[in-house]
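A.B. asks: Pasting target09.txt here (compact mmCIF, C-alpha atoms):
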```txt
# COMPACT_ATOMS: atom_id res chain seq x y z
CA MET C 1 24.07 38.73 83.63
CA LYS C 2 26.78 37.36 81.36
CA PHE C 3 26.37 34.15 79.41
CA GLY C 4 28.96 31.73 78.15
CA ILE C 5 29.26 28.33 76.55
CA PHE C 6 31.65 25.71 77.85
CA LEU C 7 33.19 22.98 75.76
CA GLU C 8 34.26 19.56 76.98
CA ILE C 9 34.62 18.25 73.39
CA GLN C 10 33.28 14.77 74.08
CA HIS C 11 33.73 12.08 71.44
CA PRO C 12 32.00 8.81 72.35
CA ARG C 13 32.86 5.63 70.53
CA PRO C 14 32.57 4.23 67.95
CA TRP C 15 35.09 6.48 66.23
CA THR C 16 34.86 6.67 62.45
CA GLU C 17 37.23 8.02 59.82
CA GLY C 18 37.12 11.82 59.96
CA SER C 19 34.73 12.00 62.93
CA GLU C 20 37.27 13.63 65.26
CA GLN C 21 38.21 16.20 62.65
CA GLN C 22 34.53 17.02 62.11
CA LEU C 23 34.05 17.33 65.88
CA PHE C 24 36.67 20.06 66.06
CA GLN C 25 35.35 21.87 63.00
CA ASN C 26 31.87 21.82 64.57
CA THR C 27 33.28 23.16 67.83
CA ILE C 28 34.82 26.17 66.08
CA GLU C 29 31.54 26.81 64.23
CA GLN C 30 29.67 26.73 67.56
CA ILE C 31 32.01 29.37 68.98
CA GLU C 32 31.50 31.53 65.90
CA LEU C 33 27.72 31.12 66.19
CA ALA C 34 27.83 32.05 69.90
CA ASP C 35 29.69 35.21 68.92
CA GLU C 36 27.06 36.10 66.31
CA LEU C 37 24.27 35.50 68.83
CA GLY C 38 25.77 37.87 71.39
CA ILE C 39 26.92 35.27 73.92
CA ASP C 40 29.68 36.81 76.02
CA HIS C 41 32.16 34.00 76.74
CA VAL C 42 33.40 30.65 75.53
CA TRP C 43 35.18 28.37 78.01
CA GLU C 44 37.19 25.37 76.83
CA VAL C 45 38.65 22.75 79.14
CA GLU C 46 42.13 21.26 79.09
CA HIS C 47 42.11 17.50 79.65
CA HIS C 48 44.57 14.76 78.77
CA PHE C 49 44.06 11.06 78.06
CA LEU C 50 40.33 11.11 79.00
CA GLU C 51 39.18 9.10 75.99
CA GLU C 52 35.61 9.81 74.86
CA TYR C 53 34.96 12.07 77.88
CA SER C 54 37.10 14.96 76.64
CA HIS C 55 39.37 15.29 73.61
CA SER C 56 40.28 18.90 74.44
CA SER C 57 44.00 18.58 75.14
CA ALA C 58 45.15 21.75 73.33
CA PRO C 59 42.46 24.42 73.90
CA GLU C 60 44.83 27.23 72.97
CA ILE C 61 44.77 25.96 69.37
CA VAL C 62 40.97 25.88 69.16
CA LEU C 63 40.60 29.29 70.81
CA ALA C 64 43.17 30.81 68.47
CA ALA C 65 41.33 29.36 65.47
CA ALA C 66 38.07 30.79 66.81
CA ALA C 67 39.67 34.20 67.35
CA ARG C 68 40.10 34.61 63.59
CA ASN C 69 36.39 34.77 62.72
CA THR C 70 34.92 36.20 65.92
CA LYS C 71 34.67 39.80 67.01
CA ARG C 72 33.44 40.18 70.58
CA ILE C 73 33.12 36.85 72.40
CA ARG C 74 35.71 36.44 75.15
CA LEU C 75 37.97 33.40 74.77
CA GLY C 76 38.30 31.57 78.06
CA HIS C 77 40.62 28.82 79.20
CA GLY C 78 38.41 26.82 81.47
CA ILE C 79 41.09 25.84 82.50
CA VAL C 80 44.85 25.77 81.86
CA ALA C 81 46.32 22.83 83.79
CA MET C 82 48.88 24.73 85.85
CA PRO C 83 51.20 22.20 87.57
CA PRO C 84 54.52 22.73 85.74
CA ASN C 85 54.69 19.11 84.60
CA TYR C 86 51.73 19.91 82.34
CA ASN C 87 52.69 23.42 81.29
CA HIS C 88 55.77 25.41 82.30
CA PRO C 89 54.55 28.76 83.72
CA ALA C 90 56.57 30.72 81.17
CA ARG C 91 54.95 28.78 78.31
CA VAL C 92 51.55 29.49 79.85
CA ALA C 93 52.32 33.21 80.05
CA GLU C 94 53.57 33.25 76.46
CA ARG C 95 50.49 31.47 75.13
CA ILE C 96 48.03 33.58 77.12
CA ALA C 97 49.67 36.80 75.94
CA THR C 98 49.84 35.64 72.32
CA LEU C 99 46.17 34.64 72.26
CA ASP C 100 45.28 37.99 73.85
CA LEU C 101 47.13 39.79 71.05
CA VAL C 102 45.62 37.62 68.31
CA SER C 103 42.10 38.15 69.68
CA GLY C 104 42.43 41.87 70.38
CA GLY C 105 42.37 41.55 74.17
CA ARG C 106 39.59 38.98 74.66
CA VAL C 107 41.28 36.30 76.79
CA ASP C 108 40.17 35.01 80.19
CA PHE C 109 42.84 33.02 82.02
CA GLY C 110 41.21 30.16 83.89
CA THR C 111 43.49 28.00 86.04
CA GLY C 112 43.26 24.64 87.78
CA GLU C 113 45.05 21.66 89.30
CA THR C 114 43.33 18.75 87.51
CA ALA C 115 42.29 15.70 89.49
CA SER C 116 42.16 12.48 87.45
CA ARG C 117 44.72 9.73 87.93
CA SER C 118 44.91 9.39 84.15
CA GLU C 119 46.21 12.95 83.82
CA LEU C 120 48.23 13.32 87.01
CA GLU C 121 50.22 10.12 86.60
CA GLY C 122 50.47 10.64 82.84
CA TYR C 123 52.43 13.84 83.43
CA GLY C 124 54.10 12.81 86.67
CA VAL C 125 52.19 15.19 88.95
CA PRO C 126 52.12 13.79 92.52
CA LEU C 127 48.57 13.82 93.88
CA GLU C 128 49.69 15.16 97.24
CA HIS C 129 51.57 18.08 95.64
CA LYS C 130 49.17 19.20 92.93
CA ARG C 131 47.59 22.03 94.96
CA ALA C 132 50.97 23.44 95.94
CA MET C 133 52.22 23.13 92.36
CA TRP C 134 49.14 24.95 91.07
CA LEU C 135 49.57 27.77 93.61
CA GLU C 136 53.24 28.30 92.81
CA ALA C 137 52.85 28.13 89.04
CA THR C 138 49.73 30.31 88.92
CA GLU C 139 51.26 33.11 90.96
CA GLN C 140 54.44 33.10 88.90
CA ALA C 141 52.61 33.01 85.56
CA ALA C 142 50.79 36.17 86.64
CA ASN C 143 54.11 37.77 87.58
CA MET C 144 55.58 36.77 84.21
CA LEU C 145 52.71 38.43 82.38
CA ALA C 146 52.96 41.60 84.46
CA LEU C 147 56.68 42.25 85.05
CA ASP C 148 59.27 43.55 82.58
CA PRO C 149 61.57 41.71 82.99
CA TYR C 150 60.50 38.79 85.16
CA PRO C 151 63.09 38.79 87.98
CA GLY C 152 63.45 35.00 88.07
CA TYR C 153 62.36 32.45 90.61
CA ASP C 154 63.85 29.62 92.65
CA GLY C 155 60.88 27.58 93.86
CA GLU C 156 59.97 24.17 95.09
CA TYR C 157 58.48 22.89 91.84
CA PHE C 158 60.19 24.96 89.17
CA SER C 159 62.96 27.53 88.84
CA MET C 160 64.12 29.84 86.10
CA PRO C 161 66.50 32.79 85.76
CA CYS C 162 65.60 36.38 84.98
CA ARG C 163 64.00 36.65 81.56
CA ASN C 164 61.63 39.06 79.87
CA ILE C 165 58.60 37.00 78.84
CA VAL C 166 57.35 38.22 75.48
CA PRO C 167 54.97 39.05 73.99
CA LYS C 168 52.94 40.99 76.53
CA ALA C 169 49.15 40.76 76.65
CA VAL C 170 46.83 43.53 75.50
CA GLN C 171 45.07 43.42 78.88
CA ARG C 172 47.43 44.75 81.50
CA PRO C 173 48.77 43.81 83.95
CA HIS C 174 47.31 40.50 82.73
CA PRO C 175 43.96 39.06 81.58
CA PRO C 176 41.32 38.26 84.23
CA MET C 177 42.22 35.14 86.21
CA TRP C 178 39.79 32.40 87.26
CA MET C 179 39.85 29.09 89.14
CA ALA C 180 37.95 25.89 88.38
CA CYS C 181 35.91 24.83 91.43
CA SER C 182 33.98 21.63 92.02
CA ASN C 183 33.37 21.88 95.78
CA ARG C 184 32.56 24.51 98.36
CA GLU C 185 36.04 24.65 99.88
CA ALA C 186 37.55 25.35 96.45
CA VAL C 187 35.09 28.24 96.08
CA ARG C 188 36.29 29.70 99.37
CA LEU C 189 39.90 29.33 98.24
CA ALA C 190 39.16 31.20 95.01
CA GLY C 191 37.76 34.05 97.09
CA ARG C 192 40.82 34.08 99.33
CA LEU C 193 43.06 34.32 96.25
CA GLY C 194 41.00 36.93 94.41
CA LEU C 195 40.20 34.63 91.49
CA GLY C 196 36.94 34.39 89.61
CA VAL C 197 35.05 31.11 90.14
CA LEU C 198 34.31 28.68 87.33
CA CYS C 199 31.88 26.40 89.15
CA PHE C 200 31.42 23.12 87.30
CA SER C 201 29.30 21.31 89.90
CA PHE C 202 25.95 21.76 88.08
CA LEU C 203 24.30 22.91 91.30
CA PRO C 204 20.57 23.53 91.32
CA PRO C 205 19.75 27.22 91.79
CA GLY C 206 18.46 26.62 95.30
CA GLU C 207 21.84 25.34 96.51
CA VAL C 208 24.30 27.63 94.78
CA GLY C 209 23.46 30.68 96.92
CA GLY C 210 25.42 29.43 99.93
CA TRP C 211 28.49 28.82 97.79
CA ILE C 212 28.29 32.32 96.30
CA ASP C 213 27.87 33.87 99.75
CA ASP C 214 30.98 32.00 100.94
CA TYR C 215 32.94 33.26 97.94
CA TYR C 216 32.14 36.93 98.40
CA GLU C 217 32.62 36.71 102.17
CA ALA C 218 36.11 35.31 101.56
CA ILE C 219 36.89 38.23 99.24
CA LYS C 220 35.73 40.68 101.90
CA THR C 221 37.56 39.15 104.86
CA GLU C 222 40.50 36.96 103.75
CA CYS C 223 41.55 37.89 100.24
CA VAL C 224 45.23 38.15 99.32
CA PRO C 225 45.31 38.22 95.51
CA ILE C 226 47.44 35.63 93.74
CA GLY C 227 47.42 37.82 90.64
CA HIS C 228 47.84 41.56 90.19
CA PHE C 229 44.16 42.41 90.63
CA VAL C 230 41.00 40.83 92.04
CA ASN C 231 38.56 39.29 89.58
CA ALA C 232 35.35 39.16 91.64
CA ASN C 233 33.10 36.98 89.47
CA PHE C 234 31.11 33.80 90.03
CA ALA C 235 30.27 31.76 86.92
CA ILE C 236 28.24 28.57 87.18
CA ALA C 237 27.75 25.77 84.65
CA GLU C 238 24.25 24.84 83.53
CA PRO C 239 23.34 22.15 80.95
CA LEU C 240 21.50 23.48 77.89
CA VAL C 241 18.94 21.66 75.72
CA LEU C 242 16.01 23.85 74.67
CA ASP C 243 12.79 22.99 72.89
CA TYR C 244 9.28 24.39 72.88
CA ASP C 245 8.25 20.93 74.11
CA SER C 246 9.67 20.45 77.61
CA ASP C 247 9.43 16.65 77.58
CA ALA C 248 11.11 16.44 74.19
CA ALA C 249 14.03 18.52 75.46
CA PHE C 250 14.40 16.31 78.52
CA GLU C 251 14.25 13.06 76.55
CA ARG C 252 16.85 14.34 74.09
CA ALA C 253 19.14 15.52 76.87
CA LEU C 254 18.89 12.53 79.21
CA PRO C 255 21.20 9.97 77.56
CA ASN C 256 23.83 12.57 76.76
CA ARG C 257 23.83 14.02 80.30
CA LEU C 258 24.00 10.52 81.79
CA PHE C 259 26.96 9.72 79.53
CA PHE C 260 28.60 12.90 80.84
CA SER C 261 28.13 11.79 84.45
CA THR C 262 29.28 8.25 83.57
CA GLY C 263 32.54 9.74 82.32
CA VAL C 264 33.02 11.69 85.55
CA ALA C 265 32.41 8.56 87.62
CA HIS C 266 34.69 6.46 85.41
CA PHE C 267 37.73 8.74 85.38
CA TYR C 268 37.39 10.39 88.78
CA VAL C 269 35.65 7.93 91.11
CA ALA C 270 35.46 4.21 90.41
CA GLY C 271 36.26 3.24 86.83
CA ARG C 272 38.96 0.83 85.63
CA HIS C 273 40.49 2.07 82.41
CA THR C 274 42.61 0.30 79.80
CA PRO C 275 44.11 2.99 77.52
CA GLY C 276 42.95 2.66 73.94
CA ARG C 277 40.68 -0.28 74.71
CA THR C 278 38.05 0.69 77.28
CA ASN C 279 34.76 1.67 75.61
CA LEU C 280 33.12 4.33 77.77
CA TRP C 281 29.95 4.49 75.68
CA ASN C 282 29.43 0.75 76.15
CA ILE C 283 29.92 1.15 79.90
CA PHE C 284 27.20 3.79 79.84
CA GLU C 285 24.88 1.63 77.73
CA ASP C 286 25.30 -1.30 80.15
CA ALA C 287 24.14 0.92 83.00
CA ARG C 288 21.69 3.06 81.04
CA ASP C 289 18.40 1.52 82.22
CA ARG C 290 19.44 1.76 85.85
CA LEU C 291 20.76 5.31 85.48
CA GLU C 292 17.60 6.49 83.75
CA ALA C 293 15.41 4.87 86.42
CA GLU C 294 17.41 6.55 89.19
CA HIS C 295 17.57 9.97 87.54
CA THR C 296 15.39 12.73 88.93
CA ARG C 297 14.52 15.59 86.63
CA ARG C 298 15.49 18.99 87.97
CA GLN C 299 13.14 21.86 87.32
CA PRO C 300 13.48 24.64 86.53
CA SER C 301 16.63 24.30 84.44
CA CYS C 302 17.98 25.11 81.00
CA ILE C 303 16.91 21.64 79.90
CA GLY C 304 13.34 22.35 78.85
CA THR C 305 11.46 25.25 77.37
CA PRO C 306 12.69 28.85 77.09
CA GLU C 307 10.27 29.77 79.87
CA GLU C 308 11.77 27.15 82.18
CA ALA C 309 15.27 28.39 81.31
CA ARG C 310 14.32 31.97 82.16
CA GLU C 311 12.96 30.83 85.52
CA ALA C 312 16.18 28.96 86.30
CA ILE C 313 18.34 31.95 85.41
CA HIS C 314 16.23 34.28 87.55
CA LEU C 315 16.92 31.95 90.48
CA LEU C 316 20.65 31.98 89.75
CA ILE C 317 20.62 35.77 89.65
CA GLU C 318 18.80 35.87 92.99
CA ALA C 319 21.50 33.54 94.36
CA GLY C 320 24.17 36.03 93.25
CA ALA C 321 25.66 34.44 90.13
CA ASP C 322 27.43 36.75 87.69
CA GLN C 323 27.59 34.40 84.69
CA VAL C 324 25.91 31.22 83.47
CA MET C 325 28.11 28.87 81.40
CA LEU C 326 25.87 26.82 79.13
CA GLY C 327 26.91 23.24 78.44
CA ALA C 328 25.22 22.21 75.21
CA GLN C 329 27.80 19.70 73.99
CA ALA C 330 27.65 16.29 75.68
CA GLY C 331 27.64 12.68 74.58
CA ARG C 332 26.19 12.16 71.11
CA VAL C 333 24.20 15.38 70.84
CA THR C 334 24.46 16.55 67.24
CA HIS C 335 26.00 19.75 65.97
CA GLY C 336 22.61 20.82 64.61
CA GLU C 337 20.91 20.25 67.97
CA ILE C 338 23.57 22.31 69.75
CA CYS C 339 23.15 25.19 67.31
CA ASP C 340 19.36 25.03 67.58
CA SER C 341 19.53 25.28 71.38
CA LEU C 342 21.93 28.22 71.21
CA ARG C 343 19.72 30.07 68.74
CA LEU C 344 16.59 29.48 70.79
CA PHE C 345 18.37 30.62 73.94
CA SER C 346 19.58 33.82 72.30
CA GLU C 347 16.15 34.62 70.87
CA GLU C 348 13.83 33.62 73.71
CA VAL C 349 15.87 33.74 76.92
CA MET C 350 18.88 36.01 76.77
CA PRO C 351 17.22 39.36 75.91
CA GLU C 352 15.41 39.44 79.26
CA PHE C 353 18.75 39.49 81.09
CA LYS C 354 20.62 41.97 78.90
CA SER C 355 19.20 45.08 80.50
CA VAL C 356 20.26 48.31 82.15
CA ALA C 357 18.93 46.91 85.43
CA GLU C 358 21.34 43.98 85.20
CA ASP C 359 24.26 46.32 84.49
CA GLN C 360 23.27 48.38 87.51
CA ARG C 361 23.07 45.29 89.70
CA ARG C 362 26.62 44.34 88.77
CA ALA C 363 27.84 47.91 89.27
CA ARG C 364 26.34 47.99 92.78
CA ARG C 365 28.14 44.78 93.70
CA LEU C 366 31.48 46.10 92.49
CA GLU C 367 30.92 49.36 94.35
CA GLU C 368 30.19 47.41 97.54
CA LEU C 369 33.32 45.30 97.09
CA ALA C 370 35.65 48.19 96.21
CA PRO C 371 36.94 48.97 99.75
CA TYR C 372 37.42 45.27 100.50
CA ILE C 373 39.36 44.76 97.27
CA GLU C 374 41.51 47.79 98.05
CA ALA C 375 42.33 46.27 101.46
CA ALA C 376 43.10 42.93 99.80
CA MET C 377 45.56 44.57 97.41
CA GLU C 378 47.32 46.20 100.35
CA ARG C 379 47.81 42.77 101.97
CA LYS C 380 49.54 41.30 98.92
CA GLN C 381 53.30 40.77 99.04
CA TRP C 382 54.39 41.84 95.58
CA MET C 383 57.30 40.38 93.64
CA GLN C 384 59.55 43.40 93.33
CA PRO C 385 60.69 44.52 89.87
CA LEU C 386 64.41 44.82 89.27
CA ALA C 387 66.13 48.15 88.89
CA ASP C 388 68.05 48.50 85.62
CA ASP C 389 71.40 47.98 87.33
CA GLU C 390 70.05 44.80 89.00
CA ILE C 391 69.03 43.03 85.79
CA PRO C 392 71.58 40.28 85.10
CA SER C 393 73.00 39.95 81.61
CA PHE C 394 74.28 36.84 79.86
CA GLU C 395 76.17 35.80 76.75
CA PRO C 396 75.43 33.01 74.26
CA PHE C 397 77.13 29.64 74.54
CA LYS C 398 80.28 29.67 72.42
CA ARG C 399 79.37 26.42 70.66
CA GLU C 400 81.69 26.66 67.65
CA VAL C 401 84.91 26.84 69.62
CA VAL C 402 83.84 24.56 72.45
CA GLU C 403 82.53 21.78 70.17
CA SER C 404 85.69 21.89 68.08
CA GLY C 405 87.67 21.13 71.22
CA LYS C 406 89.90 24.17 70.71
CA ALA C 407 88.95 25.90 73.93
CA ASP C 408 86.91 25.73 77.07
CA VAL C 409 84.07 28.27 77.47
CA ASP C 410 85.78 29.93 80.40
CA GLU C 411 89.00 30.40 78.40
CA LEU C 412 87.50 32.26 75.45
CA GLU C 413 88.56 35.86 74.89
CA PRO C 414 86.01 38.52 73.85
CA ASP C 415 87.78 38.89 70.47
CA SER C 416 86.85 35.28 69.68
CA PHE C 417 83.35 36.46 68.84
CA GLN C 418 84.56 38.20 65.68
CA ALA C 419 86.33 35.10 64.41
CA ILE C 420 83.38 32.84 65.18
CA SER C 421 80.95 35.20 63.37
CA LYS C 422 83.18 35.37 60.29
CA ASN C 423 83.47 31.59 60.23
CA LEU C 424 79.70 31.09 60.43
CA ILE C 425 79.03 33.62 57.66
CA THR C 426 81.63 32.05 55.40
CA ARG C 427 80.15 28.58 55.91
CA ALA C 428 76.74 29.99 54.94
CA GLY C 429 78.21 31.02 51.57
CA VAL C 430 78.44 34.74 52.27
CA VAL C 431 81.76 36.55 52.10
CA PRO C 432 81.82 39.35 54.66
CA GLU C 433 83.09 42.76 53.75
CA GLU C 434 86.52 43.70 55.09
CA ARG C 435 86.19 46.34 57.76
```
Show the structure stored in the file as structure tokens.
C.D. replies:
Amino acid sequence: MKFGIFLEIQHPRPWTEGSEQQLFQNTIEQIELADELGIDHVWEVEHHFLEEYSHSSAPEIVLAAAARNTKRIRLGHGIVAMPPNYNHPARVAERIATLDLVSGGRVDFGTGETASRSELEGYGVPLEHKRAMWLEATEQAANMLALDPYPGYDGEYFSMPCRNIVPKAVQRPHPPMWMACSNREAVRLAGRLGLGVLCFSFLPPGEVGGWIDDYYEAIKTECVPIGHFVNANFAIAEPLVLDYDSDAAFERALPNRLFFSTGVAHFYVAGRHTPGRTNLWNIFEDARDRLEAEHTRRQPSCIGTPEEAREAIHLLIEAGADQVMLGAQAGRVTHGEICDSLRLFSEEVMPEFKSVAEDQRRARRLEELAPYIEAAMERKQWMQPLADDEIPSFEPFKREVVESGKADVDELEPDSFQAISKNLITRAGVVPEER
């Protein structure tokens, strides 16, 4: 069993001078602590304009900062918003490869569509086209990472000519690819595309088994990989607040988890938002008594004692999960409380699941899937690399002559290059040698 932490980077009002800066410094320290404790993955979201709910709009910066002082923890985008209006696929490929180089080959490339009106309209992503935009951009980003050069693409939502996208990642043909999933149909789609699942639905262990079965059945029967290999992995999110006193853990977790769910409802379901003015924490406080009265405690879970957490993880293993992503940061939980929960988890829970038996369980699953994955790879229609004599070449724009009005681009002779170069060097204060 692998374990990760996932980071929403919530920042409830009121905001004070320096509080946002401290939030990000704390986040990096939590990643470094997770690395020291032997936690396998960190996953950081990408969200835009979701005030208080998530201030994580540039996860590549945080993950790069964390790469400097960590050694083994894998750095996961959970996820990159893939519609090209958010991130051009070539820029995604460049950033993924650069982070992989900086971290020594520790990147996981999670992908997603996004769903909130705040984000979609903010970047001009049509709701009805977001799935198609994600599919197109995700496939081409994988091709850009893998092919040398990238042959170019003329698509429905973006186009670009042949270019060699550099740098190239340490992990070849590209880092493992994942998909954010919040419903059962999305899980099936991830299986059909050969992507690992990042399941953020906070399902109780008793319900997740059916979703995992659907995922692996889709890999076996319908998979046509969107990337250049199949990443058969199912990771599920689980809230984390640990204490030797179960009731104390629950009472500490409750307001922060309810704020988390209030944010989901506000931005994704039924909230009315005025940018820069709506106070999400106040909305939560107004509904707090009702929400607490309606809330039913789920047991076992990773909100409670280490023993209760172990029981919950055993159930997730029995359901077929490959990784548990621990969500310790929510609402107004303090940095110290997050670190305490992570330490207690690593000391009292994690060792039981870091065993040879667990490694063997995973190896048996991969062995079982091997012929199905081989068949899936044979079904894929690959973007064909260009032969050397097929790679188009191009020349720079002749700006000096064109902007001076002396000539049109199409009228320039090849010898003009020498005169232009000499002119530029002279203007820079360097006298070229006569040749």
A.B. asks: Which residues are near Leu135 (chain C)? Cut-off 9 Å, all atoms listed in the file, ignore same chain within fewer than 6 positions. Put them as a PyMOL selection string.
C.D. replies: chain C and resi 82-83+113+226
A.B. asks: Which is closest to Leu33 (chain C) among C:Glu8, C:Gly276, C:Ala66, C:Ser201, if we use all atoms listed in the file?
C.D. replies: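 The closest residue to Leu33 (chain C) is C:Ala66.
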A.B. asks: Of the candidates C:Ala180, C:Leu63, C:Leu37, C:Cys302, which shows the shortest atom-to-atom distance to Leu315 (chain C), using only C-alpha atoms?
C.D. replies: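 Result for the nearest residue to Leu315 (chain C): C:Cys302.
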A.B. asks: Using only C-alpha atoms, determine which residues lie at most 12 Å from Glu52 (chain C), disregarding the query and same-chain residues fewer than 3 positions distant; provide the list as a VMD selection string.
C.D. replies: chain C and resid 8 to 15 20 23 47 to 49 55 to 56 259 to 260 262 to 264 266 to 267 273 275 to 284 330 to 332
A.B. asks: Take CA of Val102 (chain C) and CA of Leu75 (chain C) and report the distance between them in Å, one decimal.
C.D. replies: 10.9 Å
A.B. asks: Counting only C-alpha atoms, which residue out of C:Ser54, C:Gln329, C:Thr114, C:Gln381 sits closest to Ser341 (chain C)?
C.D. replies: C:Gln329
A.B. asks: I'd like the contact shell of Leu127 (chain C) - 10 Å cut-off, all atoms listed in the file, skipping same-chain residues fewer than 4 positions apart - returned as a list of chain:residue names.
C.D. replies: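 So the residues in contact are C:Glu113, C:Thr114, C:Ala115, C:Ser116, C:Arg117, C:Leu120, C:Glu121, C:Arg131.
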A.B. asks: Work out how far apart CA of Cys181 (chain C) and CA of Ile5 (chain C) are and give it in Å to one decimal.
C.D. replies: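 It comes out at 16.7 Å.
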A.B. asks: Wanna dump the region 146-219 of chain C-region 359-376 of chain C contacts at 9 Å for me, each residue with its shortest atom pair and the distance in Å to one decimal, counting only C-alpha atoms, ordered by chain and number, as a tab-separated table?
C.D. replies:
```
residue	atom	partner	partner_atom	distance
C:Gly194	CA	C:Ala376	CA	8.3
C:Tyr216	CA	C:Leu369	CA	8.6
C:Ile219	CA	C:Tyr372	CA	7.2
```
A.B. asks: From the block you just saw, export region 299-311 of chain C: N, CA, C and O atoms, as a CSV table (one decimal), in the first residue's frame.
C.D. replies:
```csv
chain,number,residue,atom,x,y,z
C,299,GLN,N,-17.4,5.5,10.7
C,299,GLN,CA,-16.3,4.7,11.3
C,299,GLN,C,-16.3,3.3,10.7
C,299,GLN,O,-17.4,2.8,10.3
C,300,PRO,N,-15.1,2.8,10.5
C,300,PRO,CA,-13.8,3.3,10.8
C,300,PRO,C,-13.4,4.3,9.8
C,300,PRO,O,-13.9,4.3,8.6
C,301,SER,N,-12.5,5.2,10.1
C,301,SER,CA,-11.9,6.2,9.2
C,301,SER,C,-10.6,6.6,9.8
C,301,SER,O,-10.2,6.2,10.8
C,302,CYS,N,-9.9,7.5,9.0
C,302,CYS,CA,-8.7,8.1,9.5
C,302,CYS,C,-8.9,9.3,10.3
C,302,CYS,O,-7.9,10.1,10.5
C,303,ILE,N,-10.1,9.6,10.7
C,303,ILE,CA,-10.4,10.6,11.7
C,303,ILE,C,-10.8,9.8,12.9
C,303,ILE,O,-11.8,9.2,13.1
C,304,GLY,N,-9.8,9.7,13.9
C,304,GLY,CA,-10.0,8.9,15.1
C,304,GLY,C,-8.7,8.5,15.6
C,304,GLY,O,-7.7,9.2,15.5
C,305,THR,N,-8.6,7.3,16.1
C,305,THR,CA,-7.4,6.8,16.7
C,305,THR,C,-6.6,6.1,15.7
C,305,THR,O,-7.1,5.7,14.6
C,306,PRO,N,-5.3,5.8,15.9
C,306,PRO,CA,-4.5,5.0,15.0
C,306,PRO,C,-5.1,3.6,14.7
C,306,PRO,O,-5.1,3.1,13.6
C,307,GLU,N,-5.7,3.0,15.8
C,307,GLU,CA,-6.4,1.7,15.6
C,307,GLU,C,-7.5,1.8,14.6
C,307,GLU,O,-7.7,1.0,13.7
C,308,GLU,N,-8.3,2.9,14.7
C,308,GLU,CA,-9.4,3.1,13.8
C,308,GLU,C,-8.9,3.3,12.3
C,308,GLU,O,-9.5,2.8,11.4
C,309,ALA,N,-7.8,4.0,12.2
C,309,ALA,CA,-7.2,4.3,10.9
C,309,ALA,C,-6.7,3.0,10.3
C,309,ALA,O,-6.9,2.8,9.1
C,310,ARG,N,-6.1,2.2,11.1
C,310,ARG,CA,-5.6,0.9,10.5
C,310,ARG,C,-6.8,0.1,10.0
C,310,ARG,O,-6.7,-0.6,9.0
C,311,GLU,N,-7.9,0.0,10.8
C,311,GLU,CA,-9.0,-0.7,10.4
C,311,GLU,C,-9.6,-0.2,9.0
C,311,GLU,O,-9.9,-1.0,8.1
```
